[in-house]
$ cat input.csv   # CSV, N, CA and C atoms
chain,number,residue,atom,x,y,z
A,131,MET,N,-21.0,-16.7,72.2
A,131,MET,CA,-20.0,-17.8,72.3
A,131,MET,C,-20.6,-19.1,72.4
A,132,PHE,N,-20.0,-20.1,71.8
A,132,PHE,CA,-20.5,-21.4,71.8
A,132,PHE,C,-19.8,-22.2,72.9
A,133,SER,N,-20.6,-23.0,73.6
A,133,SER,CA,-20.0,-23.9,74.6
A,133,SER,C,-19.3,-25.0,73.8
A,134,LYS,N,-18.5,-25.8,74.5
A,134,LYS,CA,-17.8,-27.0,73.9
A,134,LYS,C,-18.9,-27.9,73.3
A,135,ARG,N,-20.0,-28.1,74.0
A,135,ARG,CA,-21.0,-29.0,73.5
A,135,ARG,C,-21.6,-28.5,72.2
A,136,ASN,N,-21.9,-27.2,72.1
A,136,ASN,CA,-22.4,-26.6,70.9
A,136,ASN,C,-21.4,-26.7,69.7
A,137,GLN,N,-20.1,-26.5,70.1
A,137,GLN,CA,-19.0,-26.6,69.1
A,137,GLN,C,-19.0,-28.1,68.5
A,138,ASN,N,-19.1,-29.0,69.4
A,138,ASN,CA,-19.0,-30.4,69.0
A,138,ASN,C,-20.2,-30.8,68.1
A,139,PHE,N,-21.4,-30.3,68.5
A,139,PHE,CA,-22.6,-30.5,67.7
A,139,PHE,C,-22.4,-29.9,66.3
A,140,SER,N,-21.9,-28.7,66.3
A,140,SER,CA,-21.7,-28.0,65.0
A,140,SER,C,-20.7,-28.7,64.1
A,141,TRP,N,-19.6,-29.2,64.7
A,141,TRP,CA,-18.7,-30.0,64.0
A,141,TRP,C,-19.3,-31.3,63.5
A,142,ARG,N,-20.0,-32.0,64.3
A,142,ARG,CA,-20.7,-33.2,63.9
A,142,ARG,C,-21.7,-32.9,62.8
A,143,PHE,N,-22.4,-31.8,62.9
A,143,PHE,CA,-23.4,-31.5,61.8
A,143,PHE,C,-22.7,-31.3,60.5
A,144,GLN,N,-21.6,-30.6,60.5
A,144,GLN,CA,-20.8,-30.3,59.3
A,144,GLN,C,-20.3,-31.7,58.7
A,145,LEU,N,-19.8,-32.5,59.6
A,145,LEU,CA,-19.2,-33.8,59.2
A,145,LEU,C,-20.3,-34.7,58.6
A,146,GLU,N,-21.5,-34.7,59.3
A,146,GLU,CA,-22.6,-35.5,58.8
A,146,GLU,C,-23.1,-35.0,57.4
A,147,THR,N,-23.1,-33.7,57.2
A,147,THR,CA,-23.4,-33.1,55.9
A,147,THR,C,-22.5,-33.5,54.9
A,148,ARG,N,-21.2,-33.6,55.2
A,148,ARG,CA,-20.2,-34.0,54.2
A,148,ARG,C,-20.3,-35.5,53.9
A,149,ILE,N,-20.6,-36.3,54.9
A,149,ILE,CA,-20.8,-37.7,54.7
A,149,ILE,C,-22.0,-38.0,53.8
A,150,ILE,N,-23.1,-37.3,54.0
A,150,ILE,CA,-24.3,-37.4,53.2
A,150,ILE,C,-23.9,-37.1,51.8
A,151,SER,N,-23.2,-36.0,51.6
A,151,SER,CA,-22.9,-35.6,50.2
A,151,SER,C,-22.0,-36.5,49.5
A,152,SER,N,-21.2,-37.2,50.3
A,152,SER,CA,-20.2,-38.2,49.6
A,152,SER,C,-20.9,-39.5,49.2
A,153,TRP,N,-21.9,-39.9,49.9
A,153,TRP,CA,-22.6,-41.2,49.4
A,153,TRP,C,-23.9,-41.0,48.8
A,154,LYS,N,-24.4,-39.7,48.8
A,154,LYS,CA,-25.8,-39.5,48.3
A,154,LYS,C,-26.0,-39.8,46.8
A,155,ARG,N,-24.9,-39.7,46.1
A,155,ARG,CA,-25.0,-40.0,44.6
A,155,ARG,C,-25.0,-41.5,44.4
A,156,PHE,N,-24.3,-42.2,45.3
A,156,PHE,CA,-24.1,-43.6,45.0
A,156,PHE,C,-25.1,-44.6,45.6
A,157,TYR,N,-25.4,-44.5,46.9
A,157,TYR,CA,-26.2,-45.5,47.6
A,157,TYR,C,-27.6,-45.6,47.1
A,158,PRO,N,-28.4,-44.5,47.1
A,158,PRO,CA,-29.8,-44.7,46.6
A,158,PRO,C,-30.0,-45.2,45.2
A,159,LEU,N,-29.1,-44.7,44.3
A,159,LEU,CA,-29.2,-45.2,42.9
A,159,LEU,C,-28.9,-46.7,42.8
A,160,THR,N,-27.8,-47.1,43.5
A,160,THR,CA,-27.4,-48.5,43.5
A,160,THR,C,-28.5,-49.4,44.0
A,161,VAL,N,-29.1,-49.0,45.1
A,161,VAL,CA,-30.1,-49.9,45.8
A,161,VAL,C,-31.4,-49.9,44.9
A,162,THR,N,-31.8,-48.8,44.4
A,162,THR,CA,-33.1,-48.8,43.7
A,162,THR,C,-33.0,-49.4,42.3
A,163,HIS,N,-31.8,-49.3,41.7
A,163,HIS,CA,-31.7,-49.9,40.3
A,163,HIS,C,-31.2,-51.3,40.3
A,164,LYS,N,-30.5,-51.8,41.3
A,164,LYS,CA,-30.0,-53.1,41.3
A,164,LYS,C,-30.8,-54.1,42.1
A,165,PHE,N,-31.4,-53.6,43.2
A,165,PHE,CA,-31.9,-54.6,44.2
A,165,PHE,C,-33.4,-54.3,44.6
A,166,CYS,N,-34.1,-53.7,43.8
A,166,CYS,CA,-35.5,-53.4,44.2
A,166,CYS,C,-36.5,-54.3,43.6
A,167,GLY,N,-36.1,-55.5,43.2
A,167,GLY,CA,-37.0,-56.4,42.6
A,167,GLY,C,-38.3,-56.8,43.4
A,168,ARG,N,-38.2,-56.8,44.7
A,168,ARG,CA,-39.4,-57.2,45.5
A,168,ARG,C,-40.4,-56.1,45.7
A,169,THR,N,-40.0,-54.9,45.4
A,169,THR,CA,-40.9,-53.8,45.7
A,169,THR,C,-41.5,-53.2,44.4
A,170,LYS,N,-41.6,-54.0,43.4
A,170,LYS,CA,-42.2,-53.5,42.2
A,170,LYS,C,-43.7,-53.2,42.3
A,171,ASN,N,-44.2,-52.4,41.5
A,171,ASN,CA,-45.7,-52.0,41.4
A,171,ASN,C,-46.1,-51.3,42.7
A,172,ASN,N,-45.3,-50.4,43.1
A,172,ASN,CA,-45.7,-49.5,44.3
A,172,ASN,C,-46.1,-50.3,45.5
A,173,ASN,N,-45.4,-51.3,45.8
A,173,ASN,CA,-45.7,-52.1,47.0
A,173,ASN,C,-45.0,-51.4,48.2
A,174,ILE,N,-45.8,-50.5,48.8
A,174,ILE,CA,-45.3,-49.8,50.0
A,174,ILE,C,-45.2,-50.6,51.3
A,175,VAL,N,-46.0,-51.6,51.3
A,175,VAL,CA,-46.1,-52.4,52.6
A,175,VAL,C,-44.8,-53.2,52.8
A,176,TYR,N,-44.3,-53.8,51.8
A,176,TYR,CA,-43.1,-54.6,52.0
A,176,TYR,C,-41.9,-53.9,52.6
A,177,PRO,N,-41.5,-52.7,52.0
A,177,PRO,CA,-40.4,-52.0,52.6
A,177,PRO,C,-40.7,-51.4,54.0
A,178,VAL,N,-41.9,-51.0,54.2
A,178,VAL,CA,-42.3,-50.5,55.5
A,178,VAL,C,-42.2,-51.5,56.6
A,179,LEU,N,-42.7,-52.7,56.3
A,179,LEU,CA,-42.6,-53.8,57.3
A,179,LEU,C,-41.1,-54.3,57.4
A,180,GLY,N,-40.4,-54.3,56.3
A,180,GLY,CA,-39.0,-54.6,56.4
A,180,GLY,C,-38.2,-53.6,57.3
A,181,LEU,N,-38.5,-52.4,57.1
A,181,LEU,CA,-37.8,-51.3,57.9
A,181,LEU,C,-38.1,-51.6,59.4
A,182,ASN,N,-39.3,-51.9,59.7
A,182,ASN,CA,-39.7,-52.1,61.1
A,182,ASN,C,-39.0,-53.4,61.6
A,183,GLY,N,-39.0,-54.4,60.8
A,183,GLY,CA,-38.4,-55.7,61.3
A,183,GLY,C,-36.9,-55.5,61.5
A,184,GLU,N,-36.2,-54.9,60.6
A,184,GLU,CA,-34.8,-54.8,60.7
A,184,GLU,C,-34.4,-53.8,61.8
A,185,SER,N,-35.2,-52.8,62.0
A,185,SER,CA,-34.9,-51.9,63.2
A,185,SER,C,-35.1,-52.6,64.5
A,186,GLY,N,-36.1,-53.5,64.5
A,186,GLY,CA,-36.3,-54.4,65.7
A,186,GLY,C,-35.1,-55.3,65.9
A,187,GLU,N,-34.5,-55.9,64.9
A,187,GLU,CA,-33.4,-56.8,65.0
A,187,GLU,C,-32.2,-56.0,65.5
A,188,ALA,N,-32.0,-54.8,65.1
A,188,ALA,CA,-30.8,-54.0,65.6
A,188,ALA,C,-31.1,-53.7,67.1
A,189,ALA,N,-32.3,-53.3,67.4
A,189,ALA,CA,-32.6,-53.0,68.8
A,189,ALA,C,-32.4,-54.2,69.7
A,190,GLU,N,-32.8,-55.4,69.2
A,190,GLU,CA,-32.6,-56.6,69.9
A,190,GLU,C,-31.2,-56.9,70.3
A,191,LYS,N,-30.3,-56.6,69.3
A,191,LYS,CA,-28.8,-56.8,69.6
A,191,LYS,C,-28.3,-55.9,70.6
A,192,ILE,N,-28.8,-54.6,70.6
A,192,ILE,CA,-28.4,-53.7,71.7
A,192,ILE,C,-29.0,-54.1,73.0
A,193,LYS,N,-30.2,-54.6,73.0
A,193,LYS,CA,-30.8,-55.1,74.3
A,193,LYS,C,-29.9,-56.2,74.9
A,194,LYS,N,-29.5,-57.1,74.1
A,194,LYS,CA,-28.7,-58.2,74.6
A,194,LYS,C,-27.3,-57.7,75.1
A,195,VAL,N,-26.8,-56.6,74.4
A,195,VAL,CA,-25.5,-56.0,74.9
A,195,VAL,C,-25.7,-55.5,76.3
A,196,ILE,N,-26.8,-54.8,76.5
A,196,ILE,CA,-27.1,-54.2,77.8
A,196,ILE,C,-27.4,-55.4,78.9
A,197,ARG,N,-28.2,-56.3,78.5
A,197,ARG,CA,-28.6,-57.4,79.4
A,197,ARG,C,-27.5,-58.4,79.7
A,198,ASP,N,-26.8,-58.8,78.7
A,198,ASP,CA,-25.8,-59.9,78.8
A,198,ASP,C,-24.4,-59.5,78.9
A,199,LYS,N,-24.0,-58.3,78.4
A,199,LYS,CA,-22.6,-58.0,78.3
A,199,LYS,C,-22.3,-56.7,79.0
A,200,LYS,N,-23.1,-56.3,79.9
A,200,LYS,CA,-22.9,-55.1,80.8
A,200,LYS,C,-22.6,-53.8,79.9
A,201,GLY,N,-23.2,-53.8,78.7
A,201,GLY,CA,-23.1,-52.6,77.9
A,201,GLY,C,-21.8,-52.6,77.0
A,202,ARG,N,-21.0,-53.6,77.1
A,202,ARG,CA,-19.8,-53.7,76.3
A,202,ARG,C,-20.1,-54.3,75.0
A,203,ILE,N,-19.7,-53.5,73.9
A,203,ILE,CA,-20.0,-54.0,72.6
A,203,ILE,C,-18.7,-54.6,72.0
A,204,SER,N,-18.8,-55.9,71.8
A,204,SER,CA,-17.6,-56.7,71.2
A,204,SER,C,-17.5,-56.4,69.7
A,205,HIS,N,-16.3,-56.8,69.2
A,205,HIS,CA,-16.1,-56.6,67.8
A,205,HIS,C,-17.1,-57.4,67.0
A,206,ALA,N,-17.4,-58.6,67.4
A,206,ALA,CA,-18.4,-59.4,66.7
A,206,ALA,C,-19.8,-58.7,66.7
A,207,THR,N,-20.2,-58.2,67.9
A,207,THR,CA,-21.5,-57.5,68.0
A,207,THR,C,-21.5,-56.2,67.1
A,208,ARG,N,-20.4,-55.5,67.1
A,208,ARG,CA,-20.3,-54.3,66.3
A,208,ARG,C,-20.5,-54.7,64.8
A,209,ASN,N,-19.9,-55.7,64.4
A,209,ASN,CA,-20.1,-56.2,63.0
A,209,ASN,C,-21.5,-56.6,62.7
A,210,ALA,N,-22.1,-57.3,63.7
A,210,ALA,CA,-23.5,-57.7,63.5
A,210,ALA,C,-24.4,-56.5,63.4
A,211,LEU,N,-24.1,-55.5,64.3
A,211,LEU,CA,-24.9,-54.3,64.2
A,211,LEU,C,-24.7,-53.6,62.9
A,212,LYS,N,-23.5,-53.6,62.4
A,212,LYS,CA,-23.3,-52.9,61.1
A,212,LYS,C,-24.1,-53.6,60.0
A,213,MET,N,-24.2,-54.9,60.0
A,213,MET,CA,-25.0,-55.6,59.1
A,213,MET,C,-26.5,-55.3,59.2
A,214,GLU,N,-27.0,-55.3,60.5
A,214,GLU,CA,-28.4,-54.9,60.7
A,214,GLU,C,-28.7,-53.5,60.3
A,215,LEU,N,-27.8,-52.6,60.6
A,215,LEU,CA,-28.1,-51.2,60.3
A,215,LEU,C,-28.0,-51.0,58.8
A,216,GLY,N,-27.2,-51.8,58.1
A,216,GLY,CA,-27.2,-51.8,56.6
A,216,GLY,C,-28.5,-52.2,56.1
A,217,ASP,N,-29.1,-53.2,56.7
A,217,ASP,CA,-30.5,-53.6,56.3
A,217,ASP,C,-31.5,-52.5,56.5
A,218,VAL,N,-31.3,-51.8,57.7
A,218,VAL,CA,-32.2,-50.7,58.0
A,218,VAL,C,-32.1,-49.6,56.9
A,219,LEU,N,-30.9,-49.3,56.5
A,219,LEU,CA,-30.6,-48.3,55.5
A,219,LEU,C,-31.2,-48.8,54.2
A,220,TRP,N,-31.1,-50.0,53.8
A,220,TRP,CA,-31.7,-50.6,52.6
A,220,TRP,C,-33.2,-50.4,52.6
A,221,TYR,N,-33.8,-50.8,53.7
A,221,TYR,CA,-35.3,-50.6,53.7
A,221,TYR,C,-35.7,-49.2,53.7
A,222,LEU,N,-35.0,-48.3,54.4
A,222,LEU,CA,-35.3,-46.9,54.4
A,222,LEU,C,-35.2,-46.3,53.0
A,223,THR,N,-34.1,-46.7,52.3
A,223,THR,CA,-34.0,-46.3,50.9
A,223,THR,C,-35.2,-46.7,50.1
A,224,MET,N,-35.6,-48.0,50.3
A,224,MET,CA,-36.7,-48.5,49.5
A,224,MET,C,-38.0,-47.8,49.9
A,225,CYS,N,-38.2,-47.5,51.1
A,225,CYS,CA,-39.4,-46.7,51.5
A,225,CYS,C,-39.4,-45.3,50.8
A,226,CYS,N,-38.2,-44.7,50.8
A,226,CYS,CA,-38.2,-43.4,50.1
A,226,CYS,C,-38.5,-43.5,48.7
A,227,HIS,N,-38.0,-44.6,48.1
A,227,HIS,CA,-38.2,-44.9,46.6
A,227,HIS,C,-39.7,-45.0,46.4
A,228,GLU,N,-40.4,-45.8,47.2
A,228,GLU,CA,-41.8,-46.1,47.0
A,228,GLU,C,-42.7,-44.9,47.3
A,229,PHE,N,-42.2,-44.0,48.2
A,229,PHE,CA,-43.0,-42.8,48.5
A,229,PHE,C,-42.6,-41.6,47.7
A,230,LYS,N,-41.7,-41.9,46.7
A,230,LYS,CA,-41.1,-40.9,45.8
A,230,LYS,C,-40.5,-39.7,46.6
A,231,LEU,N,-39.7,-40.1,47.6
A,231,LEU,CA,-38.9,-39.1,48.4
A,231,LEU,C,-37.5,-39.4,48.1
A,232,ASP,N,-36.7,-38.3,48.0
A,232,ASP,CA,-35.3,-38.5,47.8
A,232,ASP,C,-34.6,-38.7,49.2
A,233,LEU,N,-33.9,-39.8,49.3
A,233,LEU,CA,-33.3,-40.1,50.6
A,233,LEU,C,-32.4,-39.0,51.1
A,234,ASN,N,-31.7,-38.4,50.2
A,234,ASN,CA,-30.8,-37.3,50.5
A,234,ASN,C,-31.6,-36.1,51.1
A,235,ASP,N,-32.7,-35.8,50.5
A,235,ASP,CA,-33.6,-34.7,51.0
A,235,ASP,C,-34.1,-35.0,52.4
A,236,VAL,N,-34.4,-36.3,52.6
A,236,VAL,CA,-34.9,-36.7,53.9
A,236,VAL,C,-33.8,-36.5,54.9
A,237,ALA,N,-32.6,-36.9,54.6
A,237,ALA,CA,-31.5,-36.8,55.6
A,237,ALA,C,-31.1,-35.3,55.8
A,238,GLU,N,-31.0,-34.6,54.7
A,238,GLU,CA,-30.7,-33.1,54.9
A,238,GLU,C,-31.8,-32.4,55.7
A,239,SER,N,-33.0,-32.7,55.4
A,239,SER,CA,-34.1,-32.1,56.1
A,239,SER,C,-34.1,-32.4,57.6
A,240,ASN,N,-33.7,-33.6,57.9
A,240,ASN,CA,-33.6,-34.0,59.3
A,240,ASN,C,-32.4,-33.3,60.0
A,241,LEU,N,-31.3,-33.1,59.3
A,241,LEU,CA,-30.2,-32.4,59.9
A,241,LEU,C,-30.6,-30.9,60.1
A,242,LYS,N,-31.3,-30.3,59.2
A,242,LYS,CA,-31.8,-28.9,59.4
A,242,LYS,C,-32.7,-28.8,60.5
A,243,LYS,N,-33.6,-29.8,60.7
A,243,LYS,CA,-34.6,-29.8,61.8
A,243,LYS,C,-33.8,-29.9,63.1
A,244,LEU,N,-32.9,-30.7,63.2
A,244,LEU,CA,-32.1,-30.9,64.4
A,244,LEU,C,-31.3,-29.6,64.7
A,245,GLU,N,-30.7,-29.0,63.7
A,245,GLU,CA,-29.9,-27.8,63.9
A,245,GLU,C,-30.9,-26.7,64.4
A,246,ASP,N,-32.1,-26.6,63.8
A,246,ASP,CA,-33.0,-25.6,64.3
A,246,ASP,C,-33.4,-25.8,65.7
A,247,ARG,N,-33.7,-27.0,66.1
A,247,ARG,CA,-34.0,-27.4,67.5
A,247,ARG,C,-32.9,-27.0,68.4
A,248,ARG,N,-31.7,-27.3,68.0
A,248,ARG,CA,-30.5,-27.0,68.8
A,248,ARG,C,-30.4,-25.5,69.1
A,249,LYS,N,-30.6,-24.7,68.0
A,249,LYS,CA,-30.5,-23.3,68.2
A,249,LYS,C,-31.6,-22.7,69.1
A,250,ARG,N,-32.8,-23.3,69.1
A,250,ARG,CA,-33.9,-22.9,69.9
A,250,ARG,C,-33.9,-23.6,71.3
A,251,LYS,N,-32.9,-24.4,71.5
A,251,LYS,CA,-32.7,-25.1,72.8
A,251,LYS,C,-33.9,-26.1,73.1
A,252,VAL,N,-34.4,-26.7,72.1
A,252,VAL,CA,-35.5,-27.7,72.3
A,252,VAL,C,-35.1,-29.1,71.6
A,253,ILE,N,-33.8,-29.3,71.6
A,253,ILE,CA,-33.3,-30.6,71.0
A,253,ILE,C,-33.8,-31.8,71.8
A,254,GLN,N,-34.0,-31.6,73.2
A,254,GLN,CA,-34.6,-32.7,74.0
A,254,GLN,C,-36.0,-32.4,74.2
A,255,GLY,N,-36.8,-33.4,74.5
A,255,GLY,CA,-38.2,-33.2,74.7
A,255,GLY,C,-39.0,-34.2,73.9
A,256,ASN,N,-40.3,-33.9,73.8
A,256,ASN,CA,-41.2,-34.7,73.1
A,256,ASN,C,-41.9,-33.9,72.0
A,257,GLY,N,-42.4,-34.6,71.0
A,257,GLY,CA,-43.3,-34.0,70.0
A,257,GLY,C,-42.5,-33.6,68.8
A,258,ASP,N,-43.1,-33.8,67.6
A,258,ASP,CA,-42.5,-33.4,66.3
A,258,ASP,C,-42.4,-31.9,66.2
A,259,ASP,N,-43.4,-31.1,66.7
A,259,ASP,CA,-43.4,-29.7,66.5
A,259,ASP,C,-42.9,-28.9,67.6
A,260,ARG,N,-41.8,-29.3,68.2
A,260,ARG,CA,-41.2,-28.5,69.3
A,260,ARG,C,-40.2,-27.5,68.8

$ encode --input "input.csv" --output "C-alpha cells"
Amino acid sequence: MFSKRNQNFSWRFQLETRIISSWKRFYPLTVTHKFCGRTKNNNIVYPVLGLNGESGEAAEKIKKVIRDKKGRISHATRNALKMELGDVLWYLTMCCHEFKLDLNDVAESNLKKLEDRRKRKVIQGNGDDR
C-alpha cells in the first residue's frame, strides 16, 4: 500500500512527465534555432556562466522574500521569479545544446532517478550515488 505521501509523489511524477512531453517538442527547438546567436562555435563557457548567474538571481529573490517579507511571496515577486526561472531554463537549454544533450532526456533521466530513489527510500540525503 502507498501512503498518501507516496501517492502524491506518484501523481506529481506522472504530471511532470506529461508536462515534459507537452513542451519538449517546442521549447528546446525554439531556443536553439531562434536565440542561440551568442553561443556559436561551441562556446560552452557563456551558457554555463549564464546558468550560474541566473540561478543566483533567482536565489537572491527568494532570500529577500525570507529576509524582508517573512516568507510571503507577493504577486510581483512571483512574476519576477517566473522571469528569472525562465532565464535559468534558457541557459539550461543552451548548456544542453552545447554539450549535445537533449534537454528532454536530461529531464526524463532526472525524474527516473528521483523515482528510483523514492522507491529505495533514499530521496533525502547526500551524494549523487545514493

$ closest_residue --input "input.csv" --among "A:Ala206, A:Val218, A:Leu241, A:Met213" --to "Ser185 of chain A" --atoms "only C-alpha atoms"
A:Val218

$ residues_around --input "input.csv" --residues "Ala210 of chain A" --least-positions-apart "6" --cutoff "8 Å" --atoms "all atoms listed in the file" --output "number ranges by chain"
A: 188, 191, 204, 216

$ residues_around --input "input.csv" --residues "Phe229 of chain A" --least-positions-apart "5" --cutoff "8 Å" --atoms "all atoms listed in the file" --output "list in words"
Asn172, Asn173, Ile174, Thr223 and Met224 of chain A

$ atom_distance --input "input.csv" --atom1 "atom CA of Glu238 of chain A" --atom2 "atom CA of Leu211 of chain A"
23.9 Å

$ closest_residue --input "input.csv" --among "A:Leu231, A:Val236, A:Leu215, A:Cys226" --to "Glu190 of chain A" --atoms "only C-alpha atoms"
A:Leu215

$ closest_residue --input "input.csv" --among "A:Ile192, A:Leu244, A:Leu179, A:Val252" --to "Cys225 of chain A" --atoms "only C-alpha atoms"
A:Leu179

$ closest_residue --input "input.csv" --among "A:Leu222, A:Arg260, A:Arg208, A:Gln254" --to "Asn182 of chain A" --atoms "only N, CA and C atoms"
A:Leu222

$ atom_distance --input "input.csv" --atom1 "atom CA of Leu219 of chain A" --atom2 "atom N of Leu233 of chain A"
11.0 Å

$ atom_distance --input "input.csv" --atom1 "atom N of Asn209 of chain A" --atom2 "atom C of Ala189 of chain A"
13.7 Å
